[in-house]
Amino acid sequence: MEKEPEPGGEKRPIVEIKNVNKFYGGNHVVKNLNLTIYEKEFLSILGPSGCGKTTLLRLIAGFEHHTSGEILIEGERLDNKEPFERNINTVFQNYALFPHMSVYDNIAYGLKMKKVPKTQIKVRVKQALIMVRLEGFEKRYPAQLSGGQKQRVAIARAIINNPKVLILDEPLSALDMKLRKQMQIELKSLQKKLGITFVYVTHDQEEALAMSDRIAVMNNGVLDQCAKPEEIYAHPETKFIADFIGETNLFEAVVETEEKGVAYLYCEAGDLLGKSENFDPNEIIYVSVRPEKILWSEKPVEGFSLGGIVKESIYLGNIVKTIITLTNGQVVKVNRPVDSPSPQVGSILYIYWELKDAVMIYTTAQDVFKQLESVDLSSFAQNSNQNAGKESANV
């Protein structure tokens, strides 16, 4: 599901993707996808390998053609436009710099192809170098640059043409962790300075959360949810998102009853509570609770009977991660600041949470049960008995 930016913000659509499908033979890679990308926003397309995010990027850029649906930029359909005809530039994962060209010539290449006068090229290249903080690097060659510097050259080459949209295909994946963190901040700052719409493709959840105005999460060719990072993290709409974005504890539970805003649930490990969301009795749902929201007690808490044994305590610098194994064998993770009390390894305790911290997620398993309940089993049984009678008569 896609959510628009908050009222008062920029809401002019730049890219509109409408009911887009992409097949490779019999392989359905992008499935009836709808997404609007707005002017000046930093949108990340996030998902695991094989989810269709890179294919979607290639469809927007024009390197692939969609099987059905529409892709528009500023209201104009792009179906018959080649990549060089679209006001979209791409920064590739390997940067795709020309090794035999200097930094200056790499950045100026697109302008030279457009026959821009040399005096204008010189001014624009200088401006681009200042923006990416590479003044004085004009005469160097790619082999003389670090990974971060190569990435900046690739960005400078892309932005020098003043595109409406800049697509970045996992541009930080080849960098070490420290440089990657630094470049995340620089990229976000550069995007704000330029006022260009960034479409950033990544499989790194932390990167998407840190940089994006909105995140579009893809799963098996489907857009599961598109919203602000804090909304994605705090209110995931599917089990996949809850499990994929950060860490969570998932409980598969059955609804017993709902009263006064409280859902009374039970699972294999015991009783638990959640927020009432008009579920049906005996409905199967998932309850997602982040590790930092799990509370613990030495005695059962009203409404909860999830008991377990503390198996491990792991020091991670700013937090301590406690591993608890419940009576049914399910592992629960609890995160606490290092200066807060932590339970002893080997102790028996009970976990619980505040109702507001539990995310209730609908599960398709309920659809299966409803389909089974709708089947008229009496006619099936009658036909089976008749067939059995015929077989007995033939013996």
# chains A, B, ... in the order shown; residues from 1 in each chain; ligands from 1
$ residues_around --residues "stretch 244-253 of chain A" --least-positions-apart "2" --cutoff "8 Å" --atoms "only C-alpha atoms" --output "ChimeraX atom specification"
/A:205-206,232-233,240-242,255,265-268,284-291,332-333
$ residues_around --residues "A:Thr257" --least-positions-apart "5" --cutoff "10 Å" --atoms "only C-alpha atoms" --output "list in words"
Val262, Ala263, Tyr264, Leu265, Ser276, Asn278, Phe279, Asp280, Pro281, Asn282 and Glu283 of chain A
$ write_last_selection --atoms "C-alpha atoms" --output "PDB file, in the first residue's frame"
ATOM      1  CA  VAL A 262      -8.298  -5.281  23.865  1.00  0.00           C
ATOM      2  CA  ALA A 263      -7.810  -8.447  21.827  1.00  0.00           C
ATOM      3  CA  TYR A 264      -7.422 -11.570  23.972  1.00  0.00           C
ATOM      4  CA  LEU A 265      -5.202 -14.033  22.141  1.00  0.00           C
ATOM      5  CA  SER A 276      -8.602  -4.740  19.218  1.00  0.00           C
ATOM      6  CA  ASN A 278     -12.302  -6.000  14.835  1.00  0.00           C
ATOM      7  CA  PHE A 279     -10.940  -9.476  14.306  1.00  0.00           C
ATOM      8  CA  ASP A 280     -13.285 -12.448  14.191  1.00  0.00           C
ATOM      9  CA  PRO A 281     -13.234 -15.082  16.969  1.00  0.00           C
ATOM     10  CA  ASN A 282     -10.767 -17.885  16.124  1.00  0.00           C
ATOM     11  CA  GLU A 283      -9.099 -15.710  13.476  1.00  0.00           C
TER      12      GLU A 283
END
$ select_by_dssp --residues "stretch 145-353 of chain A" --states "strand (DSSP E or B)" --output "CSV table (one decimal) with N, CA and C atoms, in the first residue's frame"
chain,number,residue,atom,x,y,z
A,165,VAL,N,15.0,13.2,-12.5
A,165,VAL,CA,15.1,12.0,-11.6
A,165,VAL,C,16.5,11.4,-11.6
A,166,LEU,N,17.1,11.2,-10.5
A,166,LEU,CA,18.4,10.5,-10.4
A,166,LEU,C,18.1,9.1,-9.8
A,167,ILE,N,18.4,8.0,-10.5
A,167,ILE,CA,18.3,6.7,-10.0
A,167,ILE,C,19.6,6.2,-9.6
A,168,LEU,N,19.7,5.6,-8.4
A,168,LEU,CA,20.9,5.1,-7.9
A,168,LEU,C,20.8,3.6,-7.5
A,169,ASP,N,21.5,2.8,-8.2
A,169,ASP,CA,21.4,1.3,-8.1
A,169,ASP,C,22.4,0.8,-7.1
A,197,THR,N,14.8,14.7,-7.5
A,197,THR,CA,14.2,13.4,-7.0
A,197,THR,C,15.2,12.3,-7.1
A,198,PHE,N,15.4,11.6,-6.0
A,198,PHE,CA,16.3,10.5,-5.9
A,198,PHE,C,15.5,9.2,-5.8
A,199,VAL,N,15.8,8.2,-6.6
A,199,VAL,CA,15.2,6.9,-6.5
A,199,VAL,C,16.3,6.0,-6.2
A,200,TYR,N,16.4,5.5,-5.0
A,200,TYR,CA,17.5,4.8,-4.5
A,200,TYR,C,17.2,3.3,-4.3
A,201,VAL,N,17.9,2.4,-5.0
A,201,VAL,CA,17.6,1.0,-4.9
A,201,VAL,C,18.6,0.3,-3.9
A,202,THR,N,18.1,-0.4,-2.9
A,202,THR,CA,19.0,-1.1,-2.0
A,202,THR,C,18.3,-2.3,-1.4
A,214,ARG,N,10.6,8.4,1.9
A,214,ARG,CA,9.7,7.3,2.0
A,214,ARG,C,10.4,6.0,1.5
A,215,ILE,N,9.9,4.9,1.9
A,215,ILE,CA,10.5,3.6,1.5
A,215,ILE,C,9.4,2.8,0.9
A,216,ALA,N,9.7,2.2,-0.3
A,216,ALA,CA,8.8,1.3,-1.0
A,216,ALA,C,9.4,-0.1,-0.9
A,217,VAL,N,8.7,-0.9,-0.1
A,217,VAL,CA,9.2,-2.3,0.2
A,217,VAL,C,8.6,-3.3,-0.8
A,218,MET,N,9.5,-4.0,-1.5
A,218,MET,CA,9.0,-5.0,-2.5
A,218,MET,C,9.3,-6.4,-2.0
A,219,ASN,N,8.4,-7.3,-2.3
A,219,ASN,CA,8.5,-8.7,-1.9
A,219,ASN,C,7.9,-9.5,-3.1
A,222,VAL,N,5.9,-7.7,-5.7
A,222,VAL,CA,4.7,-7.0,-5.2
A,222,VAL,C,5.2,-5.8,-4.3
A,223,LEU,N,4.6,-4.7,-4.5
A,223,LEU,CA,4.8,-3.6,-3.6
A,223,LEU,C,4.0,-3.8,-2.3
A,224,ASP,N,4.7,-4.2,-1.2
A,224,ASP,CA,4.0,-4.5,0.0
A,224,ASP,C,3.5,-3.3,0.8
A,225,GLN,N,4.4,-2.2,0.8
A,225,GLN,CA,4.0,-1.0,1.6
A,225,GLN,C,5.0,0.1,1.1
A,226,CYS,N,4.4,1.3,1.0
A,226,CYS,CA,5.2,2.5,0.7
A,226,CYS,C,4.8,3.6,1.7
A,227,ALA,N,5.8,4.0,2.6
A,227,ALA,CA,5.4,5.0,3.6
A,227,ALA,C,6.7,5.6,4.2
A,249,ASN,N,9.9,-9.7,17.0
A,249,ASN,CA,9.5,-11.0,17.6
A,249,ASN,C,8.0,-11.2,17.0
A,250,LEU,N,7.9,-12.3,16.3
A,250,LEU,CA,6.6,-12.6,15.7
A,250,LEU,C,5.9,-13.8,16.4
A,251,PHE,N,4.6,-13.6,16.8
A,251,PHE,CA,3.8,-14.6,17.5
A,251,PHE,C,2.6,-14.9,16.6
A,252,GLU,N,2.5,-16.2,16.2
A,252,GLU,CA,1.3,-16.6,15.4
A,252,GLU,C,0.2,-16.9,16.5
A,253,ALA,N,-0.8,-16.2,16.5
A,253,ALA,CA,-1.8,-16.3,17.5
A,253,ALA,C,-3.2,-16.5,17.0
A,254,VAL,N,-4.1,-16.9,17.9
A,254,VAL,CA,-5.5,-17.1,17.5
A,254,VAL,C,-6.3,-16.1,18.4
A,255,VAL,N,-7.3,-15.4,17.8
A,255,VAL,CA,-8.1,-14.5,18.5
A,255,VAL,C,-9.2,-15.2,19.3
A,256,GLU,N,-9.2,-15.0,20.6
A,256,GLU,CA,-10.2,-15.6,21.5
A,256,GLU,C,-11.4,-14.8,21.5
A,257,THR,N,-11.2,-13.5,21.9
A,257,THR,CA,-12.3,-12.5,22.0
A,257,THR,C,-11.7,-11.1,22.0
A,258,GLU,N,-12.6,-10.1,21.8
A,258,GLU,CA,-12.2,-8.7,21.9
A,258,GLU,C,-13.2,-8.0,22.8
A,259,GLU,N,-12.6,-7.2,23.7
A,259,GLU,CA,-13.4,-6.4,24.6
A,259,GLU,C,-12.7,-5.1,24.9
A,262,VAL,N,-9.3,-4.3,23.6
A,262,VAL,CA,-8.3,-5.3,23.9
A,262,VAL,C,-8.6,-6.6,23.2
A,263,ALA,N,-7.6,-7.1,22.5
A,263,ALA,CA,-7.8,-8.4,21.8
A,263,ALA,C,-7.1,-9.5,22.7
A,264,TYR,N,-7.9,-10.5,23.2
A,264,TYR,CA,-7.4,-11.6,24.0
A,264,TYR,C,-7.0,-12.7,23.0
A,265,LEU,N,-5.8,-13.1,23.1
A,265,LEU,CA,-5.2,-14.0,22.1
A,265,LEU,C,-4.5,-15.2,22.9
A,266,TYR,N,-4.3,-16.3,22.1
A,266,TYR,CA,-3.5,-17.3,22.7
A,266,TYR,C,-2.7,-18.0,21.5
A,267,CYS,N,-1.5,-18.4,21.9
A,267,CYS,CA,-0.6,-19.1,21.0
A,267,CYS,C,-0.1,-20.3,21.7
A,270,GLY,N,1.4,-19.7,25.1
A,270,GLY,CA,0.6,-19.2,26.2
A,270,GLY,C,-0.4,-18.1,25.8
A,271,ASP,N,-0.9,-17.3,26.7
A,271,ASP,CA,-1.8,-16.2,26.4
A,271,ASP,C,-1.1,-14.9,26.2
A,272,LEU,N,-1.7,-14.0,25.4
A,272,LEU,CA,-1.1,-12.7,25.2
A,272,LEU,C,-2.2,-11.7,24.8
A,273,LEU,N,-1.9,-10.4,24.9
A,273,LEU,CA,-2.8,-9.4,24.6
A,273,LEU,C,-2.3,-8.6,23.4
A,274,GLY,N,-3.3,-8.0,22.7
A,274,GLY,CA,-3.0,-7.0,21.6
A,274,GLY,C,-4.1,-6.0,21.5
A,275,LYS,N,-4.0,-5.1,20.5
A,275,LYS,CA,-5.0,-4.1,20.3
A,275,LYS,C,-6.2,-4.7,19.5
A,284,ILE,N,-6.8,-16.3,12.8
A,284,ILE,CA,-5.4,-16.4,13.0
A,284,ILE,C,-4.7,-15.1,12.5
A,285,ILE,N,-3.8,-14.6,13.4
A,285,ILE,CA,-3.1,-13.4,13.1
A,285,ILE,C,-1.7,-13.5,13.5
A,286,TYR,N,-0.9,-12.5,13.1
A,286,TYR,CA,0.5,-12.4,13.6
A,286,TYR,C,0.6,-11.2,14.5
A,287,VAL,N,1.3,-11.3,15.6
A,287,VAL,CA,1.6,-10.2,16.5
A,287,VAL,C,3.1,-9.9,16.5
A,288,SER,N,3.4,-8.7,16.1
A,288,SER,CA,4.8,-8.3,15.9
A,288,SER,C,5.2,-7.3,17.1
A,289,VAL,N,6.3,-7.6,17.8
A,289,VAL,CA,6.7,-6.8,18.9
A,289,VAL,C,8.2,-6.6,18.7
A,295,LEU,N,8.9,-6.3,27.4
A,295,LEU,CA,9.1,-6.1,28.9
A,295,LEU,C,9.2,-7.5,29.5
A,296,TRP,N,9.8,-7.6,30.7
A,296,TRP,CA,9.9,-8.9,31.4
A,296,TRP,C,9.6,-8.7,32.9
A,297,SER,N,9.2,-9.8,33.5
A,297,SER,CA,8.8,-9.8,34.9
A,297,SER,C,9.1,-11.2,35.4
A,306,LEU,N,3.4,-16.0,28.9
A,306,LEU,CA,4.5,-16.4,28.0
A,306,LEU,C,5.8,-16.5,28.9
A,307,GLY,N,6.0,-17.7,29.4
A,307,GLY,CA,7.1,-17.9,30.3
A,307,GLY,C,8.3,-18.5,29.5
A,308,GLY,N,9.5,-18.3,30.0
A,308,GLY,CA,10.7,-18.9,29.4
A,308,GLY,C,11.9,-18.8,30.2
A,309,ILE,N,13.0,-19.3,29.7
A,309,ILE,CA,14.3,-19.3,30.4
A,309,ILE,C,15.3,-18.4,29.6
A,310,VAL,N,16.0,-17.6,30.4
A,310,VAL,CA,17.0,-16.7,29.8
A,310,VAL,C,18.2,-17.6,29.4
A,311,LYS,N,18.5,-17.6,28.0
A,311,LYS,CA,19.6,-18.5,27.5
A,311,LYS,C,20.9,-17.8,27.3
A,312,GLU,N,20.8,-16.5,27.0
A,312,GLU,CA,22.1,-15.8,26.7
A,312,GLU,C,21.9,-14.3,26.8
A,313,SER,N,23.0,-13.6,27.2
A,313,SER,CA,23.0,-12.2,27.2
A,313,SER,C,24.2,-11.7,26.4
A,314,ILE,N,24.0,-10.8,25.4
A,314,ILE,CA,25.0,-10.5,24.4
A,314,ILE,C,25.2,-9.0,24.5
A,315,TYR,N,26.5,-8.6,24.8
A,315,TYR,CA,26.9,-7.1,24.8
A,315,TYR,C,27.2,-6.6,23.4
A,319,ILE,N,23.8,-1.5,23.5
A,319,ILE,CA,22.7,-2.3,24.0
A,319,ILE,C,23.1,-3.7,24.5
A,320,VAL,N,22.3,-4.3,25.3
A,320,VAL,CA,22.5,-5.7,25.7
A,320,VAL,C,21.3,-6.4,25.1
A,321,LYS,N,21.6,-7.5,24.3
A,321,LYS,CA,20.6,-8.3,23.8
A,321,LYS,C,20.4,-9.6,24.6
A,322,THR,N,19.2,-9.8,25.1
A,322,THR,CA,18.9,-10.9,25.9
A,322,THR,C,18.1,-11.9,25.1
A,323,ILE,N,18.5,-13.2,25.1
A,323,ILE,CA,17.8,-14.2,24.4
A,323,ILE,C,17.0,-15.1,25.3
A,324,ILE,N,15.7,-15.2,25.1
A,324,ILE,CA,14.8,-16.0,26.0
A,324,ILE,C,14.2,-17.1,25.1
A,325,THR,N,14.2,-18.3,25.7
A,325,THR,CA,13.5,-19.4,25.0
A,325,THR,C,12.2,-19.7,25.7
A,326,LEU,N,11.1,-19.6,25.0
A,326,LEU,CA,9.8,-19.9,25.7
A,326,LEU,C,9.5,-21.3,25.8
A,331,VAL,N,12.2,-18.6,20.2
A,331,VAL,CA,13.2,-17.7,20.7
A,331,VAL,C,12.7,-16.2,20.7
A,332,VAL,N,12.9,-15.5,21.8
A,332,VAL,CA,12.4,-14.1,21.9
A,332,VAL,C,13.7,-13.3,22.2
A,333,LYS,N,13.8,-12.1,21.4
A,333,LYS,CA,14.9,-11.2,21.6
A,333,LYS,C,14.5,-10.0,22.4
A,334,VAL,N,15.2,-9.6,23.4
A,334,VAL,CA,14.9,-8.4,24.2
A,334,VAL,C,16.1,-7.5,24.2
A,335,ASN,N,16.0,-6.2,23.7
A,335,ASN,CA,17.1,-5.2,23.7
A,335,ASN,C,16.9,-4.2,24.8
A,336,ARG,N,18.0,-3.9,25.5
A,336,ARG,CA,18.0,-2.9,26.6
A,336,ARG,C,19.2,-2.1,26.6
A,337,PRO,N,19.2,-0.8,27.0
A,337,PRO,CA,20.4,-0.1,27.1
A,337,PRO,C,21.4,-0.7,28.1
A,348,ILE,N,14.2,-17.9,35.2
A,348,ILE,CA,12.9,-18.1,34.6
A,348,ILE,C,12.1,-16.8,34.7
A,349,LEU,N,11.5,-16.3,33.6
A,349,LEU,CA,10.8,-15.1,33.7
A,349,LEU,C,9.6,-15.1,32.7
A,350,TYR,N,8.8,-14.0,32.7
A,350,TYR,CA,7.7,-13.9,31.8
A,350,TYR,C,7.8,-12.6,31.0
A,351,ILE,N,7.4,-12.7,29.8
A,351,ILE,CA,7.5,-11.5,28.9
A,351,ILE,C,6.1,-10.9,28.7
A,352,TYR,N,6.1,-9.6,28.4
A,352,TYR,CA,4.8,-8.9,28.1
A,352,TYR,C,5.1,-7.6,27.4
$ select_by_dssp --residues "stretch 122-347 of chain A" --states "helix (DSSP H, G or I)" --output "number ranges by chain"
A: 122-131, 142-144, 147-159, 177-194, 205-211, 229-234, 239-244, 291-293
$ atom_distance --atom1 "atom CA of A:Asn89" --atom2 "atom CA of A:Lys181"
23.5 Å
$ closest_residue --among "A:Lys150, A:Lys22, A:Lys112, A:Lys11" --to "A:Tyr38" --atoms "only C-alpha atoms"
A:Lys11
$ residues_around --residues "A:Ile155" --least-positions-apart "3" --cutoff "8 Å" --atoms "only C-alpha atoms" --output "mmCIF file with all heavy atoms, in the first residue's frame"
data_model
loop_
_atom_site.group_PDB
_atom_site.id
_atom_site.type_symbol
_atom_site.label_atom_id
_atom_site.label_comp_id
_atom_site.auth_asym_id
_atom_site.auth_seq_id
_atom_site.Cartn_x
_atom_site.Cartn_y
_atom_site.Cartn_z
ATOM 1 N N VAL A 91 23.019 6.190 -11.673
ATOM 2 C CA VAL A 91 24.324 5.889 -11.099
ATOM 3 C C VAL A 91 24.336 4.396 -10.819
ATOM 4 O O VAL A 91 23.560 3.895 -10.002
ATOM 5 C CB VAL A 91 24.583 6.682 -9.803
ATOM 6 C CG1 VAL A 91 25.923 6.278 -9.188
ATOM 7 C CG2 VAL A 91 24.560 8.175 -10.082
ATOM 8 N N VAL A 132 30.196 17.909 -5.270
ATOM 9 C CA VAL A 132 30.575 16.594 -4.728
ATOM 10 C C VAL A 132 31.921 16.645 -4.014
ATOM 11 O O VAL A 132 32.490 15.618 -3.668
ATOM 12 C CB VAL A 132 30.603 15.522 -5.848
ATOM 13 C CG1 VAL A 132 29.224 15.349 -6.456
ATOM 14 C CG2 VAL A 132 31.625 15.870 -6.922
ATOM 15 N N GLN A 151 32.572 7.111 -6.561
ATOM 16 C CA GLN A 151 31.122 7.258 -6.446
ATOM 17 C C GLN A 151 30.703 8.709 -6.646
ATOM 18 O O GLN A 151 29.714 8.994 -7.308
ATOM 19 C CB GLN A 151 30.666 6.735 -5.070
ATOM 20 C CG GLN A 151 29.176 6.525 -4.986
ATOM 21 C CD GLN A 151 28.542 7.452 -3.958
ATOM 22 O OE1 GLN A 151 29.110 8.452 -3.562
ATOM 23 N NE2 GLN A 151 27.354 7.110 -3.552
ATOM 24 N N ARG A 152 31.490 9.642 -6.133
ATOM 25 C CA ARG A 152 31.177 11.063 -6.290
ATOM 26 C C ARG A 152 31.319 11.502 -7.745
ATOM 27 O O ARG A 152 30.537 12.326 -8.228
ATOM 28 C CB ARG A 152 32.104 11.902 -5.415
ATOM 29 C CG ARG A 152 31.826 11.761 -3.930
ATOM 30 C CD ARG A 152 32.720 12.685 -3.152
ATOM 31 N NE ARG A 152 32.942 12.192 -1.805
ATOM 32 C CZ ARG A 152 33.869 12.693 -0.979
ATOM 33 N NH1 ARG A 152 34.643 13.679 -1.386
ATOM 34 N NH2 ARG A 152 34.025 12.205 0.223
ATOM 35 N N ALA A 158 26.224 12.300 -13.417
ATOM 36 C CA ALA A 158 24.781 12.140 -13.562
ATOM 37 C C ALA A 158 24.026 13.456 -13.366
ATOM 38 O O ALA A 158 23.076 13.749 -14.077
ATOM 39 C CB ALA A 158 24.269 11.092 -12.576
ATOM 40 N N ILE A 159 24.468 14.267 -12.411
ATOM 41 C CA ILE A 159 23.702 15.477 -12.085
ATOM 42 C C ILE A 159 24.030 16.650 -13.002
ATOM 43 O O ILE A 159 23.287 17.631 -13.027
ATOM 44 C CB ILE A 159 23.927 15.903 -10.618
ATOM 45 C CG1 ILE A 159 25.391 16.311 -10.380
ATOM 46 C CG2 ILE A 159 23.482 14.804 -9.663
ATOM 47 C CD1 ILE A 159 25.677 16.827 -8.976
#
$ residues_around --residues "A:Glu64" --least-positions-apart "5" --cutoff "10 Å" --atoms "only C-alpha atoms" --output "list in words"
Lys22, Thr55, Leu56, Leu57, Arg58, Leu59, Glu82 and Pro83 of chain A
$ residues_around --residues "A:Lys126" --least-positions-apart "2" --cutoff "10 Å" --atoms "only C-alpha atoms" --output "list in words"
Tyr104, Ile107, Ala108, Gln120, Ile121, Lys122, Val123, Arg124, Ala128, Leu129, Ile130, Met131, Leu134, Glu135, Gly136, Glu138, Ala156 and Ile160 of chain A
$ write_last_selection --atoms "N, CA and C atoms" --output "short mmCIF file (atom, residue, chain, number, x, y, z; two decimals), in the first residue's frame"
data_model
loop_
_atom_site.label_atom_id
_atom_site.label_comp_id
_atom_site.auth_asym_id
_atom_site.auth_seq_id
_atom_site.Cartn_x
_atom_site.Cartn_y
_atom_site.Cartn_z
N TYR A 104 37.67 14.98 -15.17
CA TYR A 104 37.01 16.06 -15.92
C TYR A 104 36.27 15.50 -17.13
N ILE A 107 33.10 13.42 -16.31
CA ILE A 107 31.95 14.25 -15.92
C ILE A 107 31.40 15.01 -17.13
N ALA A 108 32.29 15.45 -17.99
CA ALA A 108 31.88 16.27 -19.14
C ALA A 108 31.32 15.45 -20.30
N GLN A 120 30.70 26.53 -21.62
CA GLN A 120 29.63 26.11 -20.70
C GLN A 120 30.00 24.81 -19.99
N ILE A 121 30.61 23.90 -20.74
CA ILE A 121 31.02 22.62 -20.14
C ILE A 121 31.98 22.86 -18.97
N LYS A 122 32.95 23.76 -19.20
CA LYS A 122 33.94 24.04 -18.16
C LYS A 122 33.29 24.58 -16.89
N VAL A 123 32.35 25.51 -17.06
CA VAL A 123 31.65 26.08 -15.91
C VAL A 123 30.83 25.03 -15.18
N ARG A 124 30.10 24.21 -15.93
CA ARG A 124 29.21 23.22 -15.31
C ARG A 124 29.99 22.09 -14.64
N ALA A 128 29.81 21.09 -10.70
CA ALA A 128 29.53 19.72 -10.26
C ALA A 128 30.61 19.21 -9.32
N LEU A 129 31.87 19.52 -9.61
CA LEU A 129 32.98 19.10 -8.75
C LEU A 129 32.87 19.73 -7.37
N ILE A 130 32.44 20.99 -7.32
CA ILE A 130 32.27 21.67 -6.03
C ILE A 130 31.16 20.99 -5.23
N MET A 131 30.07 20.65 -5.91
CA MET A 131 28.94 20.01 -5.23
C MET A 131 29.34 18.68 -4.58
N LEU A 134 35.07 17.55 -4.95
CA LEU A 134 36.22 16.95 -5.63
C LEU A 134 37.01 18.01 -6.40
N GLU A 135 36.97 19.25 -5.92
CA GLU A 135 37.77 20.29 -6.56
C GLU A 135 39.25 19.88 -6.51
N GLY A 136 39.94 20.08 -7.64
CA GLY A 136 41.36 19.73 -7.71
C GLY A 136 41.63 18.32 -8.19
N GLU A 138 40.40 17.13 -11.10
CA GLU A 138 40.02 17.10 -12.52
C GLU A 138 40.93 16.24 -13.38
N ALA A 156 28.46 13.16 -9.96
CA ALA A 156 28.68 14.43 -10.66
C ALA A 156 28.35 14.29 -12.15
N ILE A 160 25.12 16.55 -13.76
CA ILE A 160 25.53 17.69 -14.59
C ILE A 160 24.52 17.98 -15.70
#
$ atom_distance --atom1 "atom CA of A:Glu39" --atom2 "atom CA of A:Ile14"
5.4 Å
$ atom_distance --atom1 "atom CA of A:Ala358" --atom2 "atom CA of A:Asn34"
28.8 Å
$ residues_around --residues "A:Arg86" --least-positions-apart "6" --cutoff "12 Å" --atoms "only C-alpha atoms" --output "NGL selection string"
:A and (15 or 59-63 or 71-74 or 76-80 or 161-166)
$ closest_residue --among "A:Ile294, A:Ser102, A:Pro48, A:Gly75" --to "A:Lys356" --atoms "only C-alpha atoms"
A:Ile294
